[in-house]
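Engineer: PDB, C-alpha atoms, file run.pdb:
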ATOM      1  CA  MET A   1      19.949  62.907 -44.245
ATOM      2  CA  ASN A   2      19.559  63.248 -40.560
ATOM      3  CA  PRO A   3      16.847  60.759 -39.495
ATOM      4  CA  VAL A   4      16.179  62.646 -36.294
ATOM      5  CA  ASN A   5      15.540  65.864 -38.160
ATOM      6  CA  THR A   6      13.395  64.073 -40.722
ATOM      7  CA  LEU A   7      11.237  62.560 -37.990
ATOM      8  CA  GLY A   8      10.902  65.944 -36.378
ATOM      9  CA  GLU A   9       9.944  67.522 -39.648
ATOM     10  CA  GLU A  10       7.309  64.835 -40.271
ATOM     11  CA  ALA A  11       5.884  65.348 -36.788
ATOM     12  CA  ALA A  12       5.787  69.072 -37.291
ATOM     13  CA  ALA A  13       4.108  68.609 -40.663
ATOM     14  CA  GLU A  14       1.382  66.337 -39.213
ATOM     15  CA  PRO A  15      -1.785  68.384 -38.597
ATOM     16  CA  PRO A  16      -2.791  68.615 -34.955
ATOM     17  CA  ARG A  17      -5.534  66.204 -33.908
ATOM     18  CA  THR A  18      -8.811  67.935 -33.426
ATOM     19  CA  ARG A  19     -11.296  66.944 -30.746
ATOM     20  CA  ARG A  20     -14.798  66.178 -31.902
ATOM     21  CA  PRO A  21     -17.074  68.480 -29.881
ATOM     22  CA  ARG A  22     -20.143  66.256 -30.182
ATOM     23  CA  GLY A  23     -18.170  63.271 -29.003
ATOM     24  CA  LEU A  24     -17.323  65.212 -25.845
ATOM     25  CA  VAL A  25     -20.932  65.886 -24.879
ATOM     26  CA  PRO A  26     -21.526  62.365 -23.456
ATOM     27  CA  GLU A  27     -18.271  62.626 -21.497
ATOM     28  CA  ILE A  28     -19.378  65.869 -19.863
ATOM     29  CA  VAL A  29     -22.835  64.490 -19.142
ATOM     30  CA  ALA A  30     -21.352  61.332 -17.591
ATOM     31  CA  SER A  31     -18.952  63.378 -15.453
ATOM     32  CA  LEU A  32     -21.664  65.674 -14.109
ATOM     33  CA  GLU A  33     -24.023  62.730 -13.554
ATOM     34  CA  ALA A  34     -21.283  61.067 -11.484
ATOM     35  CA  ASP A  35     -20.859  64.262  -9.454
ATOM     36  CA  ILE A  36     -24.592  64.244  -8.699
ATOM     37  CA  ARG A  37     -24.821  60.521  -8.024
ATOM     38  CA  GLU A  38     -21.812  60.488  -5.725
ATOM     39  CA  GLY A  39     -22.857  63.579  -3.785
ATOM     40  CA  ARG A  40     -20.280  66.065  -4.980
ATOM     41  CA  LEU A  41     -23.242  68.025  -6.329
ATOM     42  CA  VAL A  42     -26.354  67.851  -4.166
ATOM     43  CA  PRO A  43     -29.997  68.819  -4.811
ATOM     44  CA  GLY A  44     -30.423  72.576  -4.729
ATOM     45  CA  GLN A  45     -26.752  73.243  -5.380
ATOM     46  CA  LYS A  46     -25.821  75.457  -8.284
ATOM     47  CA  LEU A  47     -23.769  73.914 -11.072
ATOM     48  CA  PRO A  48     -20.458  75.576 -11.995
ATOM     49  CA  THR A  49     -20.966  78.432 -14.410
ATOM     50  CA  GLU A  50     -20.816  77.915 -18.132
ATOM     51  CA  SER A  51     -17.382  79.565 -18.215
ATOM     52  CA  GLU A  52     -16.114  77.307 -15.427
ATOM     53  CA  LEU A  53     -17.324  74.204 -17.272
ATOM     54  CA  VAL A  54     -15.712  75.414 -20.498
ATOM     55  CA  GLY A  55     -12.410  75.707 -18.646
ATOM     56  CA  ARG A  56     -12.808  72.444 -16.751
ATOM     57  CA  PHE A  57     -13.502  70.333 -19.829
ATOM     58  CA  ASP A  58     -11.597  72.440 -22.360
ATOM     59  CA  VAL A  59     -14.517  72.644 -24.765
ATOM     60  CA  SER A  60     -16.630  75.310 -26.393
ATOM     61  CA  ARG A  61     -19.695  76.924 -24.894
ATOM     62  CA  THR A  62     -21.819  75.135 -27.481
ATOM     63  CA  VAL A  63     -20.691  71.747 -26.177
ATOM     64  CA  VAL A  64     -21.360  72.756 -22.571
ATOM     65  CA  ARG A  65     -24.830  74.013 -23.455
ATOM     66  CA  GLU A  66     -25.711  70.762 -25.216
ATOM     67  CA  ALA A  67     -24.522  68.741 -22.235
ATOM     68  CA  ILE A  68     -26.646  70.863 -19.880
ATOM     69  CA  SER A  69     -29.635  70.403 -22.186
ATOM     70  CA  ARG A  70     -29.260  66.638 -21.907
ATOM     71  CA  LEU A  71     -29.098  66.825 -18.133
ATOM     72  CA  GLN A  72     -32.246  68.965 -18.150
ATOM     73  CA  ALA A  73     -34.036  66.436 -20.374
ATOM     74  CA  SER A  74     -33.228  63.646 -17.921
ATOM     75  CA  GLY A  75     -34.567  65.710 -15.008
ATOM     76  CA  LEU A  76     -31.244  65.981 -13.206
ATOM     77  CA  VAL A  77     -30.863  69.752 -13.398
ATOM     78  CA  GLU A  78     -33.039  72.817 -13.827
ATOM     79  CA  THR A  79     -31.983  76.106 -15.379
ATOM     80  CA  ARG A  80     -33.391  79.264 -13.836
ATOM     81  CA  HIS A  81     -32.903  82.053 -16.307
ATOM     82  CA  GLY A  82     -30.742  84.836 -15.017
ATOM     83  CA  ILE A  83     -29.702  82.819 -11.966
ATOM     84  CA  GLY A  84     -28.032  79.583 -13.077
ATOM     85  CA  THR A  85     -28.489  75.842 -13.331
ATOM     86  CA  PHE A  86     -29.310  73.854 -10.212
ATOM     87  CA  VAL A  87     -29.297  70.168  -9.291
ATOM     88  CA  MET A  88     -32.800  68.735  -8.976
ATOM     89  CA  ALA A  89     -33.994  66.477  -6.192
ATOM     90  CA  PRO A  90     -34.491  62.874  -7.369
ATOM     91  CA  ARG A  91     -37.997  62.311  -8.633
ATOM     92  CA  ALA A  92     -40.037  59.563  -7.065
ATOM     93  CA  VAL A  93     -40.279  56.590  -9.387
ATOM     94  CA  GLU A  94     -43.887  55.964 -10.307
ATOM     95  CA  PRO A  95     -45.192  52.956 -12.230
ATOM     96  CA  ILE A  96     -45.817  53.876 -15.829
ATOM     97  CA  PHE A  97     -48.358  51.137 -16.412
ATOM     98  CA  ARG A  98     -51.351  50.837 -14.106
ATOM     99  CA  ILE A  99     -54.861  49.477 -14.444
ATOM    100  CA  ALA A 100     -57.050  50.271 -11.462
ATOM    101  CA  PRO A 101     -60.584  49.013 -10.652
ATOM    102  CA  GLU A 102     -62.004  52.351 -11.766
ATOM    103  CA  ASP A 103     -60.563  51.656 -15.226
ATOM    104  CA  PHE A 104     -63.275  49.010 -15.676
ATOM    105  CA  ALA A 105     -66.197  51.358 -15.133
ATOM    106  CA  THR A 106     -67.787  51.055 -18.582
ATOM    107  CA  ALA A 107     -68.150  48.571 -21.405
ATOM    108  CA  SER A 108     -65.773  50.711 -23.448
ATOM    109  CA  ASP A 109     -63.132  50.322 -20.723
ATOM    110  CA  VAL A 110     -63.486  46.542 -20.776
ATOM    111  CA  ILE A 111     -63.308  46.467 -24.573
ATOM    112  CA  GLU A 112     -60.062  48.427 -24.472
ATOM    113  CA  LEU A 113     -58.583  45.883 -22.074
ATOM    114  CA  LEU A 114     -59.763  43.039 -24.294
ATOM    115  CA  GLU A 115     -57.888  44.627 -27.181
ATOM    116  CA  LEU A 116     -54.743  44.618 -25.050
ATOM    117  CA  ARG A 117     -55.343  41.004 -24.080
ATOM    118  CA  ILE A 118     -55.789  39.945 -27.705
ATOM    119  CA  SER A 119     -52.235  40.954 -28.557
ATOM    120  CA  LEU A 120     -50.645  39.583 -25.381
ATOM    121  CA  GLU A 121     -52.555  36.355 -24.849
ATOM    122  CA  SER A 122     -52.534  35.296 -28.494
ATOM    123  CA  GLU A 123     -48.748  35.257 -28.368
ATOM    124  CA  ALA A 124     -48.832  33.539 -24.972
ATOM    125  CA  ALA A 125     -50.961  30.746 -26.454
ATOM    126  CA  ALA A 126     -48.495  30.280 -29.313
ATOM    127  CA  LEU A 127     -45.571  30.074 -26.889
ATOM    128  CA  ALA A 128     -47.530  27.673 -24.678
ATOM    129  CA  ALA A 129     -48.048  25.391 -27.678
ATOM    130  CA  GLN A 130     -44.300  25.279 -28.198
ATOM    131  CA  ARG A 131     -43.297  24.842 -24.565
ATOM    132  CA  ARG A 132     -46.164  23.131 -22.740
ATOM    133  CA  SER A 133     -45.396  20.243 -20.427
ATOM    134  CA  ALA A 134     -47.509  17.357 -19.216
ATOM    135  CA  GLU A 135     -48.034  19.252 -15.963
ATOM    136  CA  SER A 136     -49.178  22.448 -17.678
ATOM    137  CA  LEU A 137     -51.579  20.496 -19.904
ATOM    138  CA  SER A 138     -53.078  18.888 -16.812
ATOM    139  CA  ALA A 139     -53.435  22.261 -15.117
ATOM    140  CA  MET A 140     -55.210  23.786 -18.129
ATOM    141  CA  ALA A 141     -57.492  20.766 -18.445
ATOM    142  CA  ALA A 142     -58.357  20.959 -14.745
ATOM    143  CA  ALA A 143     -59.273  24.630 -15.085
ATOM    144  CA  LEU A 144     -61.597  23.805 -17.990
ATOM    145  CA  ALA A 145     -63.199  20.969 -16.056
ATOM    146  CA  ALA A 146     -63.857  23.349 -13.163
ATOM    147  CA  PHE A 147     -65.296  25.898 -15.608
ATOM    148  CA  ASN A 148     -67.684  23.305 -17.019
ATOM    149  CA  VAL A 149     -68.871  22.264 -13.567
ATOM    150  CA  ALA A 150     -69.349  25.900 -12.528
ATOM    151  CA  ILE A 151     -71.474  26.939 -15.505
ATOM    152  CA  HIS A 152     -73.825  24.005 -14.914
ATOM    153  CA  ALA A 153     -74.094  24.983 -11.260
ATOM    154  CA  ASP A 154     -75.579  28.390 -12.082
ATOM    155  CA  SER A 155     -72.246  30.172 -11.546
ATOM    156  CA  ASP A 156     -70.586  32.834 -13.660
ATOM    157  CA  ALA A 157     -67.400  30.678 -13.536
ATOM    158  CA  VAL A 158     -65.132  33.701 -13.318
ATOM    159  CA  PRO A 159     -62.465  32.085 -11.078
ATOM    160  CA  SER A 160     -62.023  29.028 -13.301
ATOM    161  CA  ASP A 161     -62.154  31.184 -16.451
ATOM    162  CA  PHE A 162     -59.325  33.320 -15.119
ATOM    163  CA  LEU A 163     -57.431  30.238 -13.956
ATOM    164  CA  PHE A 164     -57.461  28.777 -17.462
ATOM    165  CA  HIS A 165     -55.960  31.948 -18.917
ATOM    166  CA  MET A 166     -53.437  32.028 -16.094
ATOM    167  CA  GLU A 167     -52.386  28.431 -16.805
ATOM    168  CA  VAL A 168     -51.890  29.279 -20.483
ATOM    169  CA  ALA A 169     -49.629  32.154 -19.384
ATOM    170  CA  ARG A 170     -47.676  29.848 -17.080
ATOM    171  CA  ALA A 171     -47.268  27.278 -19.838
ATOM    172  CA  THR A 172     -45.197  29.798 -21.823
ATOM    173  CA  GLY A 173     -42.340  29.295 -19.398
ATOM    174  CA  ASN A 174     -41.942  33.078 -19.382
ATOM    175  CA  ARG A 175     -42.691  34.406 -15.913
ATOM    176  CA  HIS A 176     -43.611  37.868 -17.200
ATOM    177  CA  PHE A 177     -46.798  36.593 -18.815
ATOM    178  CA  ALA A 178     -47.946  35.014 -15.557
ATOM    179  CA  GLU A 179     -46.921  38.067 -13.534
ATOM    180  CA  LEU A 180     -48.943  40.338 -15.806
ATOM    181  CA  MET A 181     -51.968  38.060 -15.510
ATOM    182  CA  THR A 182     -51.579  38.077 -11.732
ATOM    183  CA  TYR A 183     -51.413  41.873 -11.787
ATOM    184  CA  LEU A 184     -54.586  42.133 -13.851
ATOM    185  CA  GLY A 185     -56.432  39.508 -11.802
ATOM    186  CA  THR A 186     -59.995  38.333 -12.358
ATOM    187  CA  MET A 187     -60.995  41.852 -13.347
ATOM    188  CA  ILE A 188     -59.873  40.981 -16.879
ATOM    189  CA  ILE A 189     -62.907  38.703 -17.241
ATOM    190  CA  PRO A 190     -65.711  40.936 -18.597
ATOM    191  CA  ARG A 191     -68.349  39.095 -16.546
ATOM    192  CA  THR A 192     -66.655  40.378 -13.395
ATOM    193  CA  ARG A 193     -67.910  43.911 -14.099
ATOM    194  CA  LEU A 194     -70.631  43.487 -16.694
ATOM    195  CA  LYS A 195     -73.405  40.894 -16.661
ATOM    196  CA  THR A 196     -72.629  39.731 -20.166
ATOM    197  CA  ALA A 197     -73.748  36.141 -19.594
ATOM    198  CA  ALA A 198     -77.054  37.095 -17.985
ATOM    199  CA  SER A 199     -77.839  39.593 -20.727
ATOM    200  CA  ALA A 200     -76.779  37.378 -23.638
ATOM    201  CA  PRO A 201     -79.613  36.954 -26.203
ATOM    202  CA  GLU A 202     -79.159  33.185 -26.286
ATOM    203  CA  GLY A 203     -79.264  32.913 -22.486
ATOM    204  CA  ARG A 204     -76.674  32.441 -19.769
ATOM    205  CA  LEU A 205     -75.881  28.743 -20.225
ATOM    206  CA  PRO A 206     -75.556  28.684 -24.031
ATOM    207  CA  TYR A 207     -73.369  31.797 -23.786
ATOM    208  CA  LEU A 208     -71.019  30.179 -21.277
ATOM    209  CA  GLU A 209     -71.011  26.872 -23.149
ATOM    210  CA  ARG A 210     -69.791  28.744 -26.204
ATOM    211  CA  VAL A 211     -67.019  30.307 -24.121
ATOM    212  CA  HIS A 212     -66.149  26.819 -22.866
ATOM    213  CA  HIS A 213     -65.948  25.494 -26.422
ATOM    214  CA  GLU A 214     -63.593  28.320 -27.375
ATOM    215  CA  HIS A 215     -61.390  27.465 -24.401
ATOM    216  CA  GLU A 216     -61.318  23.830 -25.527
ATOM    217  CA  ASN A 217     -60.169  24.891 -28.984
ATOM    218  CA  ILE A 218     -57.265  26.780 -27.417
ATOM    219  CA  LEU A 219     -56.271  23.811 -25.276
ATOM    220  CA  ASP A 220     -56.530  21.369 -28.194
ATOM    221  CA  ALA A 221     -54.138  23.490 -30.282
ATOM    222  CA  ILE A 222     -51.703  23.785 -27.376
ATOM    223  CA  ARG A 223     -51.890  20.044 -26.763
ATOM    224  CA  ARG A 224     -51.130  19.352 -30.449
ATOM    225  CA  GLN A 225     -48.192  21.787 -30.231
ATOM    226  CA  GLU A 226     -49.488  23.917 -33.093
ATOM    227  CA  PRO A 227     -48.461  27.514 -32.298
ATOM    228  CA  GLU A 228     -50.296  29.169 -35.172
ATOM    229  CA  ALA A 229     -53.510  27.313 -34.404
ATOM    230  CA  ALA A 230     -53.199  28.182 -30.704
ATOM    231  CA  ARG A 231     -52.578  31.831 -31.532
ATOM    232  CA  ALA A 232     -55.615  31.900 -33.831
ATOM    233  CA  ALA A 233     -57.828  30.111 -31.301
ATOM    234  CA  MET A 234     -56.954  32.576 -28.536
ATOM    235  CA  ARG A 235     -57.408  35.534 -30.859
ATOM    236  CA  THR A 236     -60.797  34.191 -31.959
ATOM    237  CA  HIS A 237     -61.894  33.634 -28.366
ATOM    238  CA  LEU A 238     -60.961  37.108 -27.147
ATOM    239  CA  SER A 239     -62.229  38.797 -30.317
ATOM    240  CA  ASN A 240     -65.545  36.989 -29.886
ATOM    241  CA  SER A 241     -65.666  38.197 -26.277
ATOM    242  CA  ARG A 242     -65.141  41.728 -27.502
ATOM    243  CA  GLU A 243     -67.865  41.427 -30.131
ATOM    244  CA  ARG A 244     -70.297  39.801 -27.702
ATOM    245  CA  LEU A 245     -69.710  42.683 -25.333
ATOM    246  CA  ARG A 246     -70.250  45.244 -28.079
ATOM    247  CA  ARG A 247     -73.549  43.637 -29.038
ATOM    248  CA  ALA A 248     -74.680  43.448 -25.433
ATOM    249  CA  GLN A 249     -73.677  47.059 -24.772
ATOM    250  CA  PRO A 250     -74.660  49.039 -27.903
ATOM    251  CA  GLU A 251     -73.927  52.314 -26.160
ATOM    252  CA  ALA A 252     -70.206  51.344 -25.979
TER     253      ALA A 252
END
Kindly transcribe the structure held in the file into structure tokens.
Structural biologist:
Amino acid sequence: MNPVNTLGEEAAAEPPRTRRPRGLVPEIVASLEADIREGRLVPGQKLPTESELVGRFDVSRTVVREAISRLQASGLVETRHGIGTFVMAPRAVEPIFRIAPEDFATASDVIELLELRISLESEAAALAAQRRSAESLSAMAAALAAFNVAIHADSDAVPSDFLFHMEVARATGNRHFAELMTYLGTMIIPRTRLKTAASAPEGRLPYLERVHHEHENILDAIRRQEPEAARAAMRTHLSNSRERLRRAQPEA
């Protein structure tokens, strides 16, 4: 037996490897994206025709069409029927998330933000209980002391209220919590926009003393390093704020 001939026969008998069309789509997309990114294709320029792309990548029209569809979905190209496909100018990046002062116009707006805060700040309190330091405990305690002084000085205590929540966020050790609180600012405190304390049935001072007590419960749980208790205390505090606001603003 001739080994050379046998090897040749085996090679000839082996079926040719087929290319997987769907596996080629990402390759085509990546290649055309690189052409756009590196300036070989510029905004307003027409892409090669479908036939030219079929020849360039040695694929079927179906594969080329799927690749073009993906580029369209990402906003890189635009197909003008009967004319061709053109490179799009880069779109300006706009922030997806934004809360502006006008988003606090009504009690319903503030309630919606409180619902967002419940989910975020409850978890922040739990993380703070796990990670708090002596310095962060002192900072939270100082904010509560300032809050207590302010409410007995006929103030709405908004700055110290916000500061306490900010210090809880900082105590997580995760900068994103603090950055989000900084972004939201004191507007997150309902009393900033709505006179909830002044309109409270029990009166301004008892209302704010209750808020102060809820803050103390949060701090106590964080100090004891009990994440579940801290999470529950924060959730209770913000949920109570939401319910107090609903009662004070029945039209919401």
Engineer: List the residues selected by the PyMOL selection byres ((chain A and resi 217-222) around 12) in the file shown, writing them as an MDAnalysis selection string.
Structural biologist: chainID A and resid 121:134 136:145 164:165 167:169 171:172 210:216 223:238
Engineer: A:Val87, A:Leu71, A:Leu24, A:Val77: which is nearest Val59 (chain A), counting all atoms listed in the file?
Structural biologist: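 Checking each candidate against Val59 (chain A), we get A:Leu24 as the closest.
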Engineer: If I take CA of Glu112 (chain A) and CA of Arg242 (chain A), how far is one from the other in Å, to one decimal?
Structural biologist: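 The value is 8.9 Å.
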Engineer: List, as a PyMOL selection string, every residue that the PyMOL selection byres ((chain A and resi 75) around 12) selects in the file provided.
Structural biologist: chain A and resi 33+36+43+68-74+76-79+85-92
Engineer: One number please: CA of Val63 (chain A) to CA of Val25 (chain A), in Å, one decimal.
Structural biologist: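 Computing it gives 6.0 Å between the two atoms.
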Engineer: State, in Å with one decimal place, the distance from CA of Ile83 (chain A) to CA of Ala67 (chain A).
Structural biologist: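 Separation of CA of Ile83 (chain A) and CA of Ala67 (chain A): 18.2 Å.
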Engineer: In terms of the shortest atom-to-atom distance over only C-alpha atoms, which of A:Ala30, A:Ile189, A:Leu53, A:Leu180 is closest to Leu120 (chain A)?
Structural biologist: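 When distances to Leu120 (chain A) are compared using only C-alpha atoms, the smallest one comes from A:Leu180.
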Engineer: Once you count all atoms listed in the file, which residues end up no further than 10 Å from (-21.3, 80.6, -15.8) in the file's frame, shown as a ChimeraX atom specification?
Structural biologist: /A:47-54,61,83-85
Engineer: From the list A:Val29, A:Leu208, A:Val64, A:Ile111, which residue is nearest Ala153 (chain A) when using all atoms listed in the file?
Structural biologist: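 Of A:Val29, A:Leu208, A:Val64, A:Ile111, the one nearest Ala153 (chain A) is A:Leu208, counting all atoms listed in the file.
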Engineer: Name the closest residue to Met181 (chain A) among the candidates A:Asn148, A:Leu116, A:Glu135, A:Ala34; distances are taken between atoms, counting all atoms listed in the file.
Structural biologist: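 Selected residue with least distance to Met181 (chain A): A:Leu116.
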Engineer: Go through A:Leu245, A:Leu41, A:Ala157, A:Ile151 and flag the residue nearest Glu209 (chain A), using all atoms listed in the file for the distances.
Structural biologist: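 Result for the nearest residue to Glu209 (chain A): A:Ile151.
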Engineer: Can you give me, as number ranges by chain, the residues this file yields under the PyMOL selection byres ((chain A and resi 160) around 6)?
Structural biologist: A: 143, 146-147, 157-159, 161-163
Engineer: Please determine, counting all atoms listed in the file, which residue among A:Arg65, A:Ala178, A:His152, A:Gly185 has the shortest atom-to-atom distance to Ile28 (chain A).
Structural biologist: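 Among the listed residues, A:Arg65 lies closest to Ile28 (chain A).
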